[in-house]
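What follows is a single structure, written as structure tokens, with notes after it.
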Amino acid sequence: MAKIVPLFSSSKGNSYYIQGNGTAILVDAGRNLKQIELALAANDLSMRSVGAIFVTHEHSDHISALKVLLKRYNIPLYASRGTLHYLVSNDKVPPTARLNVIEDVIETDDFRVQRVETSHDAAEPCGYHITTPDGRRLSIVTDTGYLTDDAKKAISRSHLAVVESNHDIDMLKNGMYPYILKKRILSDCGHLSNEACADALPHFVGAGLTRIILGHLSEENNTPHLALTGAIDSLNRAGMALESDYLIDVAPVATNGKSMLF
Ligand SMILES: [Zn+2]
Ligand SMILES: [Zn+2]
């Protein structure tokens with residue numbers, strides 16, 4: 001069994017802790033170090049167990065702890081070439097950082113981690129498909145305007161997936177955001193809507209996905225209830241039943257002490 005602990009998830013900050021057999025990896029570090037350490041401690045976890053950090057892209061809600069974190073712990077960092085280039089050029093990592101480009105797939109601490117293509121307005125964004133030391137598979141796909149074929153393939157091969165369910169389209173359209181920001185979020189390089197996420201889920205559950213975490217919910221243009229009911233309704237319509245066919249939860253803005261085994 002492996003475990004994922006969503007530490008933070010929203011445009012205020014994102015970080016996921018994934019535990020295999022004793023070792024762990026962190027995907028994104030988008031709050032300050034103190035907050036991430038406190039979130040780990042609240043789950044009886046520690047940064048000392050983290051063998052590698054993977055970053056999806058350079059937006060601050062995914063990297064804001066990096067510089068201080070890597071100074072304090074010097075854990076190897078993995079990201080795409082474009083993301084690393086941005087981080088170095090913009091002084092977001094310390095000069096001593098152990099940087100590793102992930103071109104396709106790498107193995108570290110018995111985890112196998114493969115890049116997943118996302119579509120987002122960042123230098124070279126990606127998601128990750130992770131195989132834990134005991135062969136359990138999860139995908140983390142957030143910050144994407146649509147689900148690429150690569151992302152669909154990765155999620156279909158997963159036991160657990162964190163899939164973005166960012167906004168309710170009507171709430172966003174009728175909300176207070178400036179037009180230009182609405183356009184960005186709705187674009188192919190923006191964020192995945194509840195509707196797009198919900199539409200895709202039956203295919204994934206049909207392919208064998210049993211655990212779903214809806215992630216990166218907007219605090220302005222979404223509610224956990226809307227995201228969850230949209231997803232469950234869509235799966236119901238496809239004849240897939242909660243509890244017997246799949247489990248689903250929403251990644252909290254900040255850890256609520258819940259984790260998901262897979
Ligand atoms: Zn983000
Ligand atoms: Zn982003």
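Just remember, in the structure tokens the first chain shown is A, the second B, etc., residues are 1-based per chain, and ligands are 1-based in the order shown.
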Quick one: everything within 7 Å of Glu117 (chain A), counting only C-alpha atoms, minus sequence neighbours fewer than 2 positions away in the same chain. Send it as a list in words.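 Skipping anything fewer than 2 positions along the chain leaves Arg115, Ser119, Cys126, Gly127, Thr148, Asp150 and Ala151 of chain A.
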Would you mind listing what lies within 6 Å of region 10-14 of chain A as a ChimeraX atom specification, with only C-alpha atoms counted and same-chain residues fewer than 3 positions away left out? /A:30-31,61-62,216-217,253
Could you check which of A:Gly145, A:Arg137, A:Ala24, A:Met47 is closest to ligand 1, using only C-alpha atoms and all ligand atoms? A:Gly145
Taking only C-alpha atoms and all ligand atoms into account, which residues have an atom no farther than 7 Å from ligand 2? I'd like them as a list in words.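 Result of the 7 Å neighbour search around ligand 2: His57, His59, His120, Ala122 and Asp143 of chain A.
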Convert the current residue selection to file output with N, CA, C and O atoms, as an mmCIF file, in the first residue's frame.
```cif
data_model
loop_
_atom_site.group_PDB
_atom_site.id
_atom_site.type_symbol
_atom_site.label_atom_id
_atom_site.label_comp_id
_atom_site.auth_asym_id
_atom_site.auth_seq_id
_atom_site.Cartn_x
_atom_site.Cartn_y
_atom_site.Cartn_z
ATOM 1 N N HIS A 57 5.571 23.153 -12.362
ATOM 2 C CA HIS A 57 5.862 24.359 -13.146
ATOM 3 C C HIS A 57 6.194 25.494 -12.183
ATOM 4 O O HIS A 57 6.108 25.324 -10.963
ATOM 5 N N HIS A 59 4.923 28.523 -11.464
ATOM 6 C CA HIS A 59 4.010 29.483 -10.832
ATOM 7 C C HIS A 59 4.168 29.416 -9.314
ATOM 8 O O HIS A 59 4.368 28.342 -8.749
ATOM 9 N N HIS A 120 -0.553 24.519 -20.176
ATOM 10 C CA HIS A 120 -0.675 25.591 -19.186
ATOM 11 C C HIS A 120 0.267 26.716 -19.576
ATOM 12 O O HIS A 120 1.288 26.457 -20.226
ATOM 13 N N ALA A 122 2.884 28.243 -18.772
ATOM 14 C CA ALA A 122 4.147 28.264 -18.028
ATOM 15 C C ALA A 122 5.241 27.804 -18.990
ATOM 16 O O ALA A 122 4.952 27.382 -20.113
ATOM 17 N N ASP A 143 -3.417 22.167 -13.158
ATOM 18 C CA ASP A 143 -2.889 23.279 -13.954
ATOM 19 C C ASP A 143 -2.792 22.896 -15.422
ATOM 20 O O ASP A 143 -1.717 22.892 -16.017
#
```
From A:Ile75, A:Ala200, A:Val68, A:Val116, residue lying nearest Arg48 (chain A) [only C-alpha atoms]: A:Ile75
Counting only C-alpha atoms, what is within 8 Å of Ala254 (chain A), bar same-chain residues fewer than 5 positions away, as number ranges by chain? A: 6-9, 39
Can you work out which one of A:Ala207, A:Ile180, A:Leu45, A:Ile130 has the shortest atom-to-atom distance to Lys152 (chain A), counting only C-alpha atoms?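 Of the candidates, the smallest distance to Lys152 (chain A) is held by A:Ala207.
Using only C-alpha atoms, the protein and nucleic acid residues lying no more than 8 Å from Asp199 (chain A), apart from those fewer than 4 places from it along its own chain, are Glu195, Ala231 and Ser234 of chain A.
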Just list the residues in region 41-120 of chain A DSSP gives alpha helix (DSSP H) on the backbone, as JSON, numbers by chain. {"A": [41, 42, 60, 61, 62, 63, 66, 67, 68, 69, 70, 71, 72, 73, 81, 82, 83, 84, 85, 86, 87, 88, 89]}
Could you jot down the CA of Gly82 (chain A) to CA of Glu103 (chain A) separation for me, Å, one decimal place?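 We find that CA of Gly82 (chain A) and CA of Glu103 (chain A) lie 10.5 Å from each other.
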So what do you get for CA of Ser60 (chain A) versus CA of Lys92 (chain A), distance-wise? 9.6 Å
Lys34 (chain A) environment, 12 Å, only C-alpha atoms, sequence neighbours closer than 2 positions dropped, as a PyMOL selection string: chain A and resi 29-32+36-41+46-47+64-66+68-69+72
Generate the output file for the selected residues, C-alpha atoms, as a PDB file, in the first residue's frame.
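Output file part-v5.pdb follows:
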```pdb
ATOM      1  CA  ALA A  29       6.124  23.137  -2.605  1.00  0.00           C
ATOM      2  CA  GLY A  30       3.819  26.113  -2.996  1.00  0.00           C
ATOM      3  CA  ARG A  31       3.549  27.538   0.498  1.00  0.00           C
ATOM      4  CA  ASN A  32       6.309  28.774   2.772  1.00  0.00           C
ATOM      5  CA  ILE A  36       4.732  22.915   4.797  1.00  0.00           C
ATOM      6  CA  GLU A  37       6.643  21.655   7.835  1.00  0.00           C
ATOM      7  CA  LEU A  38       3.614  22.285  10.062  1.00  0.00           C
ATOM      8  CA  ALA A  39       1.341  20.505   7.579  1.00  0.00           C
ATOM      9  CA  LEU A  40       3.694  17.519   7.564  1.00  0.00           C
ATOM     10  CA  ALA A  41       3.884  17.506  11.356  1.00  0.00           C
ATOM     11  CA  SER A  46       8.645  15.031   8.402  1.00  0.00           C
ATOM     12  CA  MET A  47      10.663  16.527   5.563  1.00  0.00           C
ATOM     13  CA  SER A  64       7.178  29.434  -3.161  1.00  0.00           C
ATOM     14  CA  ALA A  65       8.967  27.353  -0.467  1.00  0.00           C
ATOM     15  CA  LEU A  66      11.640  26.000  -2.803  1.00  0.00           C
ATOM     16  CA  VAL A  68      14.384  28.153   1.620  1.00  0.00           C
ATOM     17  CA  LEU A  69      13.469  24.472   1.589  1.00  0.00           C
ATOM     18  CA  ARG A  72      17.668  23.860   4.624  1.00  0.00           C
TER      19      ARG A  72
END
```
Using only C-alpha atoms, which protein or nucleic acid residues come within 12 Å of Ala198 (chain A)? Drop anything in the same chain fewer than 3 positions from it, and give the result as a short mmCIF file (atom, residue, chain, number, x, y, z; two decimals) with all heavy atoms, in the first residue's frame.
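Result saved to around06.cif:
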```cif
data_model
loop_
_atom_site.label_atom_id
_atom_site.label_comp_id
_atom_site.auth_asym_id
_atom_site.auth_seq_id
_atom_site.Cartn_x
_atom_site.Cartn_y
_atom_site.Cartn_z
N LEU A 147 -7.27 18.08 -20.78
CA LEU A 147 -6.53 16.84 -20.52
C LEU A 147 -5.91 16.37 -21.83
O LEU A 147 -6.63 16.01 -22.77
CB LEU A 147 -7.47 15.78 -19.95
CG LEU A 147 -7.94 16.04 -18.51
CD1 LEU A 147 -9.05 15.06 -18.13
CD2 LEU A 147 -6.79 15.94 -17.52
N VAL A 163 -6.85 14.93 -10.05
CA VAL A 163 -7.22 15.59 -11.30
C VAL A 163 -7.75 16.98 -10.96
O VAL A 163 -8.53 17.15 -10.01
CB VAL A 163 -8.32 14.79 -12.05
CG1 VAL A 163 -8.59 15.41 -13.42
CG2 VAL A 163 -7.93 13.33 -12.20
N GLU A 164 -7.35 17.95 -11.74
CA GLU A 164 -7.81 19.31 -11.49
C GLU A 164 -9.31 19.43 -11.72
O GLU A 164 -9.86 18.90 -12.70
CB GLU A 164 -7.07 20.28 -12.42
CG GLU A 164 -7.57 21.70 -12.29
CD GLU A 164 -6.60 22.73 -12.83
OE1 GLU A 164 -6.06 22.53 -13.93
OE2 GLU A 164 -6.37 23.74 -12.13
N SER A 165 -9.98 20.12 -10.80
CA SER A 165 -11.39 20.47 -10.95
C SER A 165 -11.47 21.91 -10.47
O SER A 165 -11.93 22.22 -9.38
CB SER A 165 -12.25 19.52 -10.10
OG SER A 165 -13.60 19.62 -10.45
N ASN A 166 -10.98 22.81 -11.31
CA ASN A 166 -10.65 24.17 -10.87
C ASN A 166 -11.85 25.07 -10.63
O ASN A 166 -11.93 25.74 -9.60
CB ASN A 166 -9.70 24.81 -11.89
CG ASN A 166 -9.30 26.22 -11.51
OD1 ASN A 166 -9.87 27.19 -12.01
ND2 ASN A 166 -8.37 26.34 -10.57
N HIS A 167 -12.76 25.10 -11.60
CA HIS A 167 -13.84 26.09 -11.50
C HIS A 167 -15.13 25.56 -12.09
O HIS A 167 -15.13 24.69 -12.96
CB HIS A 167 -13.44 27.38 -12.25
CG HIS A 167 -13.05 27.11 -13.68
ND1 HIS A 167 -11.78 26.73 -14.04
CD2 HIS A 167 -13.78 27.13 -14.82
CE1 HIS A 167 -11.75 26.53 -15.35
NE2 HIS A 167 -12.93 26.76 -15.85
N ASP A 168 -16.22 26.12 -11.60
CA ASP A 168 -17.51 25.95 -12.23
C ASP A 168 -17.59 27.03 -13.31
O ASP A 168 -17.37 28.21 -13.02
CB ASP A 168 -18.60 26.14 -11.16
CG ASP A 168 -19.99 26.14 -11.76
OD1 ASP A 168 -20.54 25.05 -11.93
OD2 ASP A 168 -20.49 27.24 -12.08
N LEU A 192 -8.49 23.40 -15.68
CA LEU A 192 -9.55 22.44 -16.04
C LEU A 192 -10.82 22.72 -15.22
O LEU A 192 -10.75 22.83 -13.99
CB LEU A 192 -9.05 21.02 -15.77
CG LEU A 192 -9.78 19.91 -16.52
CD1 LEU A 192 -9.46 19.99 -18.02
CD2 LEU A 192 -9.35 18.53 -15.99
N SER A 193 -11.94 22.82 -15.89
CA SER A 193 -13.22 23.12 -15.21
C SER A 193 -13.78 21.85 -14.55
O SER A 193 -13.39 20.73 -14.88
CB SER A 193 -14.24 23.63 -16.24
OG SER A 193 -14.58 22.59 -17.14
N ASN A 194 -14.72 22.07 -13.64
CA ASN A 194 -15.46 20.94 -13.05
C ASN A 194 -16.07 20.09 -14.15
O ASN A 194 -16.05 18.85 -14.10
CB ASN A 194 -16.63 21.44 -12.19
CG ASN A 194 -16.17 22.08 -10.90
OD1 ASN A 194 -15.00 22.04 -10.56
ND2 ASN A 194 -17.12 22.69 -10.20
N GLU A 195 -16.65 20.78 -15.14
CA GLU A 195 -17.38 20.09 -16.20
C GLU A 195 -16.45 19.18 -17.01
O GLU A 195 -16.77 18.01 -17.28
CB GLU A 195 -18.05 21.13 -17.13
CG GLU A 195 -19.19 21.91 -16.46
CD GLU A 195 -18.75 23.11 -15.60
OE1 GLU A 195 -17.55 23.24 -15.27
OE2 GLU A 195 -19.63 23.91 -15.25
N LEU A 201 -14.05 11.59 -16.15
CA LEU A 201 -13.86 10.59 -15.09
C LEU A 201 -14.40 9.19 -15.42
O LEU A 201 -13.72 8.20 -15.12
CB LEU A 201 -14.46 11.09 -13.77
CG LEU A 201 -13.68 12.24 -13.11
CD1 LEU A 201 -14.42 12.73 -11.86
CD2 LEU A 201 -12.26 11.82 -12.75
N PRO A 202 -15.58 9.06 -16.05
CA PRO A 202 -16.07 7.69 -16.31
C PRO A 202 -15.09 6.87 -17.14
O PRO A 202 -14.93 5.67 -16.90
CB PRO A 202 -17.39 7.94 -17.07
CG PRO A 202 -17.85 9.26 -16.57
CD PRO A 202 -16.60 10.08 -16.39
N HIS A 203 -14.44 7.50 -18.10
CA HIS A 203 -13.46 6.78 -18.91
C HIS A 203 -12.34 6.22 -18.03
O HIS A 203 -11.91 5.07 -18.19
CB HIS A 203 -12.89 7.72 -19.97
CG HIS A 203 -11.74 7.14 -20.73
ND1 HIS A 203 -11.91 6.14 -21.66
CD2 HIS A 203 -10.41 7.38 -20.66
CE1 HIS A 203 -10.73 5.80 -22.15
NE2 HIS A 203 -9.80 6.53 -21.56
N PHE A 204 -11.89 7.04 -17.08
CA PHE A 204 -10.77 6.61 -16.22
C PHE A 204 -11.19 5.49 -15.28
O PHE A 204 -10.46 4.52 -15.08
CB PHE A 204 -10.23 7.80 -15.41
CG PHE A 204 -9.75 8.93 -16.26
CD1 PHE A 204 -9.99 10.26 -15.89
CD2 PHE A 204 -9.06 8.69 -17.44
CE1 PHE A 204 -9.55 11.31 -16.68
CE2 PHE A 204 -8.62 9.74 -18.25
CZ PHE A 204 -8.88 11.05 -17.86
N VAL A 205 -12.38 5.63 -14.69
CA VAL A 205 -12.85 4.59 -13.77
C VAL A 205 -13.11 3.30 -14.56
O VAL A 205 -12.80 2.20 -14.09
CB VAL A 205 -14.10 5.07 -12.98
CG1 VAL A 205 -14.71 3.94 -12.16
CG2 VAL A 205 -13.72 6.25 -12.08
N ILE A 212 -10.03 8.84 -6.60
CA ILE A 212 -9.98 10.14 -7.28
C ILE A 212 -9.85 11.23 -6.22
O ILE A 212 -10.60 11.25 -5.23
CB ILE A 212 -11.28 10.38 -8.08
CG1 ILE A 212 -11.50 9.26 -9.10
CG2 ILE A 212 -11.24 11.75 -8.76
CD1 ILE A 212 -12.95 9.15 -9.58
N ILE A 213 -8.91 12.14 -6.44
CA ILE A 213 -8.84 13.34 -5.61
C ILE A 213 -8.98 14.54 -6.55
O ILE A 213 -8.20 14.69 -7.49
CB ILE A 213 -7.50 13.42 -4.84
CG1 ILE A 213 -7.38 12.25 -3.86
CG2 ILE A 213 -7.40 14.75 -4.09
CD1 ILE A 213 -6.07 12.22 -3.06
N LEU A 214 -10.02 15.34 -6.32
CA LEU A 214 -10.22 16.54 -7.13
C LEU A 214 -9.32 17.63 -6.54
O LEU A 214 -9.36 17.89 -5.34
CB LEU A 214 -11.68 16.96 -7.11
CG LEU A 214 -12.68 15.88 -7.58
CD1 LEU A 214 -14.11 16.38 -7.42
CD2 LEU A 214 -12.40 15.49 -9.03
N LEU A 226 -19.84 21.58 -5.20
CA LEU A 226 -20.11 21.60 -6.64
C LEU A 226 -19.20 20.65 -7.40
O LEU A 226 -19.64 19.90 -8.27
CB LEU A 226 -19.86 23.02 -7.19
CG LEU A 226 -21.02 23.98 -7.29
CD1 LEU A 226 -20.53 25.31 -7.85
CD2 LEU A 226 -22.12 23.40 -8.18
N ALA A 227 -17.91 20.69 -7.07
CA ALA A 227 -16.95 19.83 -7.77
C ALA A 227 -17.29 18.36 -7.54
O ALA A 227 -17.33 17.57 -8.49
CB ALA A 227 -15.53 20.14 -7.29
N LEU A 228 -17.57 18.03 -6.29
CA LEU A 228 -17.85 16.63 -5.95
C LEU A 228 -19.15 16.13 -6.58
O LEU A 228 -19.18 15.05 -7.16
CB LEU A 228 -17.99 16.48 -4.43
CG LEU A 228 -16.76 16.04 -3.64
CD1 LEU A 228 -17.11 15.93 -2.17
CD2 LEU A 228 -16.21 14.70 -4.17
N THR A 229 -20.22 16.93 -6.47
CA THR A 229 -21.50 16.46 -7.01
C THR A 229 -21.42 16.35 -8.53
O THR A 229 -21.99 15.41 -9.11
CB THR A 229 -22.68 17.36 -6.60
OG1 THR A 229 -22.33 18.71 -6.89
CG2 THR A 229 -23.03 17.23 -5.15
N GLY A 230 -20.71 17.28 -9.18
CA GLY A 230 -20.55 17.19 -10.65
C GLY A 230 -19.87 15.89 -11.03
O GLY A 230 -20.29 15.19 -11.96
N ALA A 231 -18.82 15.54 -10.31
CA ALA A 231 -18.05 14.33 -10.61
C ALA A 231 -18.90 13.08 -10.35
O ALA A 231 -18.97 12.17 -11.18
CB ALA A 231 -16.77 14.31 -9.78
N ILE A 232 -19.55 13.06 -9.19
CA ILE A 232 -20.32 11.87 -8.81
C ILE A 232 -21.52 11.68 -9.75
O ILE A 232 -21.83 10.57 -10.17
CB ILE A 232 -20.76 11.96 -7.32
CG1 ILE A 232 -19.51 11.86 -6.43
CG2 ILE A 232 -21.76 10.87 -6.97
CD1 ILE A 232 -19.76 12.16 -4.96
N ASP A 233 -22.19 12.79 -10.12
CA ASP A 233 -23.32 12.71 -11.06
C ASP A 233 -22.87 12.12 -12.39
O ASP A 233 -23.56 11.26 -12.96
CB ASP A 233 -23.93 14.10 -11.31
CG ASP A 233 -24.75 14.57 -10.13
OD1 ASP A 233 -25.00 13.76 -9.21
OD2 ASP A 233 -25.13 15.77 -10.12
N SER A 234 -21.74 12.58 -12.87
CA SER A 234 -21.24 12.10 -14.16
C SER A 234 -20.93 10.60 -14.09
O SER A 234 -21.27 9.84 -15.00
CB SER A 234 -19.99 12.90 -14.54
OG SER A 234 -19.34 12.32 -15.63
N LEU A 235 -20.32 10.18 -12.99
CA LEU A 235 -20.00 8.76 -12.82
C LEU A 235 -21.28 7.93 -12.64
O LEU A 235 -21.39 6.82 -13.17
CB LEU A 235 -19.04 8.57 -11.64
CG LEU A 235 -17.60 9.04 -11.94
CD1 LEU A 235 -16.85 9.41 -10.67
CD2 LEU A 235 -16.84 7.97 -12.72
N ASN A 236 -22.25 8.50 -11.92
CA ASN A 236 -23.56 7.82 -11.77
C ASN A 236 -24.21 7.58 -13.11
O ASN A 236 -24.71 6.48 -13.38
CB ASN A 236 -24.51 8.70 -10.95
CG ASN A 236 -24.42 8.38 -9.47
OD1 ASN A 236 -23.94 7.31 -9.09
ND2 ASN A 236 -24.88 9.30 -8.63
N ARG A 237 -24.20 8.62 -13.94
CA ARG A 237 -24.82 8.50 -15.27
C ARG A 237 -24.17 7.40 -16.10
O ARG A 237 -24.79 6.80 -16.95
CB ARG A 237 -24.76 9.85 -16.01
CG ARG A 237 -25.77 10.88 -15.53
CD ARG A 237 -25.92 12.03 -16.53
NE ARG A 237 -24.67 12.75 -16.73
CZ ARG A 237 -24.26 13.75 -15.96
NH1 ARG A 237 -24.99 14.15 -14.94
NH2 ARG A 237 -23.11 14.35 -16.20
N ALA A 238 -22.89 7.15 -15.81
CA ALA A 238 -22.17 6.10 -16.55
C ALA A 238 -22.33 4.74 -15.86
O ALA A 238 -21.69 3.76 -16.25
CB ALA A 238 -20.70 6.47 -16.66
N ILE A 248 -13.83 8.95 -3.81
CA ILE A 248 -13.51 10.29 -4.30
C ILE A 248 -13.44 11.27 -3.13
O ILE A 248 -14.17 11.12 -2.14
CB ILE A 248 -14.55 10.75 -5.35
CG1 ILE A 248 -14.10 12.04 -6.05
CG2 ILE A 248 -15.93 10.90 -4.75
CD1 ILE A 248 -14.89 12.34 -7.33
#
```
Please compute the CA of Lys153 (chain A)-CA of His191 (chain A) distance, one decimal, in Å. 18.9 Å
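Closest approach to Gly206 (chain A) among A:Val162, A:Val250, A:Tyr179, A:Ser156: A:Ser156, based on only C-alpha atoms.
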Which polymer residues have any atom within 12 Å of an atom of Val113 (chain A), counting only C-alpha atoms, with same-chain residues fewer than 6 positions away left out, as a ChimeraX atom specification? /A:18,25-27,52-55,78-79,102-107,126-133,135-140,154
